[in-house]
Amino acid sequence: MSDKTLYQRNYFPFLRSFKDAINSLPDPDKLIVYEAITDYAFFQIEPNIESPMAKLCWVLIKPILEKQWNKVNAGSKGGAPIGNTNASKQSSLSLSNKQNSSKKQAEFKHQEHIGERIKEIDKDKEDGLYSIENKYPFDSFWNLYDKKVNRPRCEAKWDKLSEETKKIIMESLPRYIEATADKQYRKNPLTYLNNEGWNDEIIKSNQRQSPSKDARRGTDVSASSGSEYEGNF
């Protein structure tokens, strides 16, 4: 046997298949194979076996012990030996770990964003700018006001109003709409919101018109004609 050892270990897995293979040998060969297994498994000493039966049994067992040693040597060097399939596995594992790390970082950023958004919502609640119930959605104001101008900015302004302010607007808005039946005299919705138009006095427009100039002229002409007629008599 060779006395050259690469590494020593204190234990190794003895498989049942080893014993099944050895049991078919004559007693002298059994001892030879047991010695070969332990020398190679503990000290990585290559046996020199002369018995044909024992050598055949050893040839079947040795590849399994070599795999065990490859794992041991890979662990002591911090990686799999070159040419070992474990190297590609570890490379794939390293790539997988990097991908998992990137995924975790993305999840962390997402959770961080959610946390910031929650803080913003809490602050809006304190300022009266946010309501989970959302009793007065923008569409209810937009459709009732019925002057479709600059919706994006109107909606942004509406979302910043408190629920109490929205309630006041929705209660006073019908009177304003009635007073400005002709929409050309109705303020643009953004102007109404920015200037807090719901606090303004609502003045109904005067629909009556004074007699036309032509009508007045007709009356004057009739009166004048009558006078002249009477004078002729």
# chains A, B, ... in the order shown; residues from 1 in each chain; ligands from 1

$ residues_around --residues "A:Ser51" --least-positions-apart "3" --cutoff "12 Å" --atoms "only C-alpha atoms" --output "ChimeraX atom specification"
/A:25-26,28-33,47-48,54-58

$ write_last_selection --atoms "N, CA, C and O atoms" --output "mmCIF file, in the first residue's frame"
data_model
loop_
_atom_site.group_PDB
_atom_site.id
_atom_site.type_symbol
_atom_site.label_atom_id
_atom_site.label_comp_id
_atom_site.auth_asym_id
_atom_site.auth_seq_id
_atom_site.Cartn_x
_atom_site.Cartn_y
_atom_site.Cartn_z
ATOM 1 N N LEU A 25 -17.420 -12.922 -0.700
ATOM 2 C CA LEU A 25 -16.004 -13.283 -0.815
ATOM 3 C C LEU A 25 -15.617 -14.359 0.208
ATOM 4 O O LEU A 25 -16.230 -14.475 1.269
ATOM 5 N N PRO A 26 -14.543 -15.066 -0.069
ATOM 6 C CA PRO A 26 -13.961 -15.961 0.947
ATOM 7 C C PRO A 26 -13.438 -15.131 2.121
ATOM 8 O O PRO A 26 -13.110 -13.949 1.964
ATOM 9 N N PRO A 28 -10.568 -14.841 3.737
ATOM 10 C CA PRO A 28 -9.304 -14.085 3.605
ATOM 11 C C PRO A 28 -9.474 -12.813 2.758
ATOM 12 O O PRO A 28 -8.902 -11.770 3.081
ATOM 13 N N ASP A 29 -10.271 -12.935 1.677
ATOM 14 C CA ASP A 29 -10.476 -11.766 0.817
ATOM 15 C C ASP A 29 -11.327 -10.691 1.502
ATOM 16 O O ASP A 29 -11.182 -9.485 1.218
ATOM 17 N N LYS A 30 -12.243 -11.147 2.381
ATOM 18 C CA LYS A 30 -13.055 -10.173 3.128
ATOM 19 C C LYS A 30 -12.153 -9.233 3.915
ATOM 20 O O LYS A 30 -12.341 -8.006 3.913
ATOM 21 N N LEU A 31 -11.185 -9.804 4.612
ATOM 22 C CA LEU A 31 -10.286 -8.990 5.421
ATOM 23 C C LEU A 31 -9.502 -8.020 4.556
ATOM 24 O O LEU A 31 -9.306 -6.857 4.926
ATOM 25 N N ILE A 32 -9.047 -8.490 3.387
ATOM 26 C CA ILE A 32 -8.281 -7.629 2.475
ATOM 27 C C ILE A 32 -9.127 -6.414 2.051
ATOM 28 O O ILE A 32 -8.646 -5.271 2.040
ATOM 29 N N VAL A 33 -10.378 -6.685 1.678
ATOM 30 C CA VAL A 33 -11.243 -5.587 1.207
ATOM 31 C C VAL A 33 -11.578 -4.641 2.350
ATOM 32 O O VAL A 33 -11.594 -3.412 2.165
ATOM 33 N N PRO A 47 -4.812 0.952 -2.062
ATOM 34 C CA PRO A 47 -4.405 -0.422 -1.730
ATOM 35 C C PRO A 47 -3.763 -1.137 -2.936
ATOM 36 O O PRO A 47 -4.027 -0.800 -4.079
ATOM 37 N N ASN A 48 -2.940 -2.137 -2.631
ATOM 38 C CA ASN A 48 -2.334 -2.990 -3.666
ATOM 39 C C ASN A 48 -2.868 -4.395 -3.457
ATOM 40 O O ASN A 48 -2.332 -5.176 -2.657
ATOM 41 N N ALA A 54 -10.971 -10.249 -4.525
ATOM 42 C CA ALA A 54 -10.928 -9.061 -3.671
ATOM 43 C C ALA A 54 -10.756 -7.793 -4.510
ATOM 44 O O ALA A 54 -11.352 -6.747 -4.241
ATOM 45 N N LYS A 55 -9.926 -7.889 -5.577
ATOM 46 C CA LYS A 55 -9.691 -6.728 -6.436
ATOM 47 C C LYS A 55 -10.962 -6.320 -7.176
ATOM 48 O O LYS A 55 -11.256 -5.128 -7.323
ATOM 49 N N LEU A 56 -11.725 -7.347 -7.643
ATOM 50 C CA LEU A 56 -12.980 -7.045 -8.333
ATOM 51 C C LEU A 56 -13.959 -6.330 -7.401
ATOM 52 O O LEU A 56 -14.611 -5.352 -7.797
ATOM 53 N N CYS A 57 -14.046 -6.786 -6.175
ATOM 54 C CA CYS A 57 -14.937 -6.150 -5.187
ATOM 55 C C CYS A 57 -14.473 -4.724 -4.897
ATOM 56 O O CYS A 57 -15.280 -3.798 -4.806
ATOM 57 N N TRP A 58 -13.152 -4.546 -4.792
ATOM 58 C CA TRP A 58 -12.614 -3.218 -4.512
ATOM 59 C C TRP A 58 -12.895 -2.241 -5.668
ATOM 60 O O TRP A 58 -13.211 -1.070 -5.437
#

$ residues_around --residues "A:Trp198" --least-positions-apart "5" --cutoff "9 Å" --atoms "only C-alpha atoms" --output "PyMOL selection string"
chain A and resi 168-169+172-173+176+192-193

$ write_last_selection --atoms "N, CA, C and O atoms" --output "PDB file, in the first residue's frame"
ATOM      1  N   ILE A 168     -69.567  70.410   2.463  1.00  0.00           N
ATOM      2  CA  ILE A 168     -70.120  71.772   2.326  1.00  0.00           C
ATOM      3  C   ILE A 168     -70.315  72.112   0.854  1.00  0.00           C
ATOM      4  O   ILE A 168     -71.341  72.682   0.451  1.00  0.00           O
ATOM      5  N   ILE A 169     -69.333  71.757   0.036  1.00  0.00           N
ATOM      6  CA  ILE A 169     -69.428  72.043  -1.404  1.00  0.00           C
ATOM      7  C   ILE A 169     -70.628  71.340  -2.017  1.00  0.00           C
ATOM      8  O   ILE A 169     -71.431  71.954  -2.747  1.00  0.00           O
ATOM      9  N   SER A 172     -73.922  73.011  -1.029  1.00  0.00           N
ATOM     10  CA  SER A 172     -74.192  74.356  -1.557  1.00  0.00           C
ATOM     11  C   SER A 172     -74.190  74.405  -3.079  1.00  0.00           C
ATOM     12  O   SER A 172     -74.762  75.322  -3.674  1.00  0.00           O
ATOM     13  N   LEU A 173     -73.581  73.431  -3.710  1.00  0.00           N
ATOM     14  CA  LEU A 173     -73.425  73.462  -5.159  1.00  0.00           C
ATOM     15  C   LEU A 173     -74.747  73.480  -5.927  1.00  0.00           C
ATOM     16  O   LEU A 173     -74.862  74.222  -6.914  1.00  0.00           O
ATOM     17  N   TYR A 176     -75.906  76.992  -6.435  1.00  0.00           N
ATOM     18  CA  TYR A 176     -75.071  77.739  -7.375  1.00  0.00           C
ATOM     19  C   TYR A 176     -75.361  77.326  -8.813  1.00  0.00           C
ATOM     20  O   TYR A 176     -75.414  78.179  -9.716  1.00  0.00           O
ATOM     21  N   TYR A 192     -63.528  77.877  -9.172  1.00  0.00           N
ATOM     22  CA  TYR A 192     -64.476  77.714  -8.069  1.00  0.00           C
ATOM     23  C   TYR A 192     -63.790  77.063  -6.867  1.00  0.00           C
ATOM     24  O   TYR A 192     -63.982  77.509  -5.718  1.00  0.00           O
ATOM     25  N   LEU A 193     -62.982  76.051  -7.108  1.00  0.00           N
ATOM     26  CA  LEU A 193     -62.315  75.348  -6.007  1.00  0.00           C
ATOM     27  C   LEU A 193     -61.194  76.181  -5.407  1.00  0.00           C
ATOM     28  O   LEU A 193     -61.053  76.251  -4.179  1.00  0.00           O
TER      29      LEU A 193
END

$ atom_distance --atom1 "atom CA of A:Asp146" --atom2 "atom CA of A:Gln184"
11.4 Å

$ atom_distance --atom1 "atom CA of A:Thr165" --atom2 "atom CA of A:Glu201"
16.8 Å

$ atom_distance --atom1 "atom CA of A:Ile22" --atom2 "atom CA of A:Val72"
25.0 Å

$ closest_residue --among "A:Ser140, A:Thr180, A:Gln44, A:Thr38" --to "A:Lys204" --atoms "only C-alpha atoms"
A:Thr180
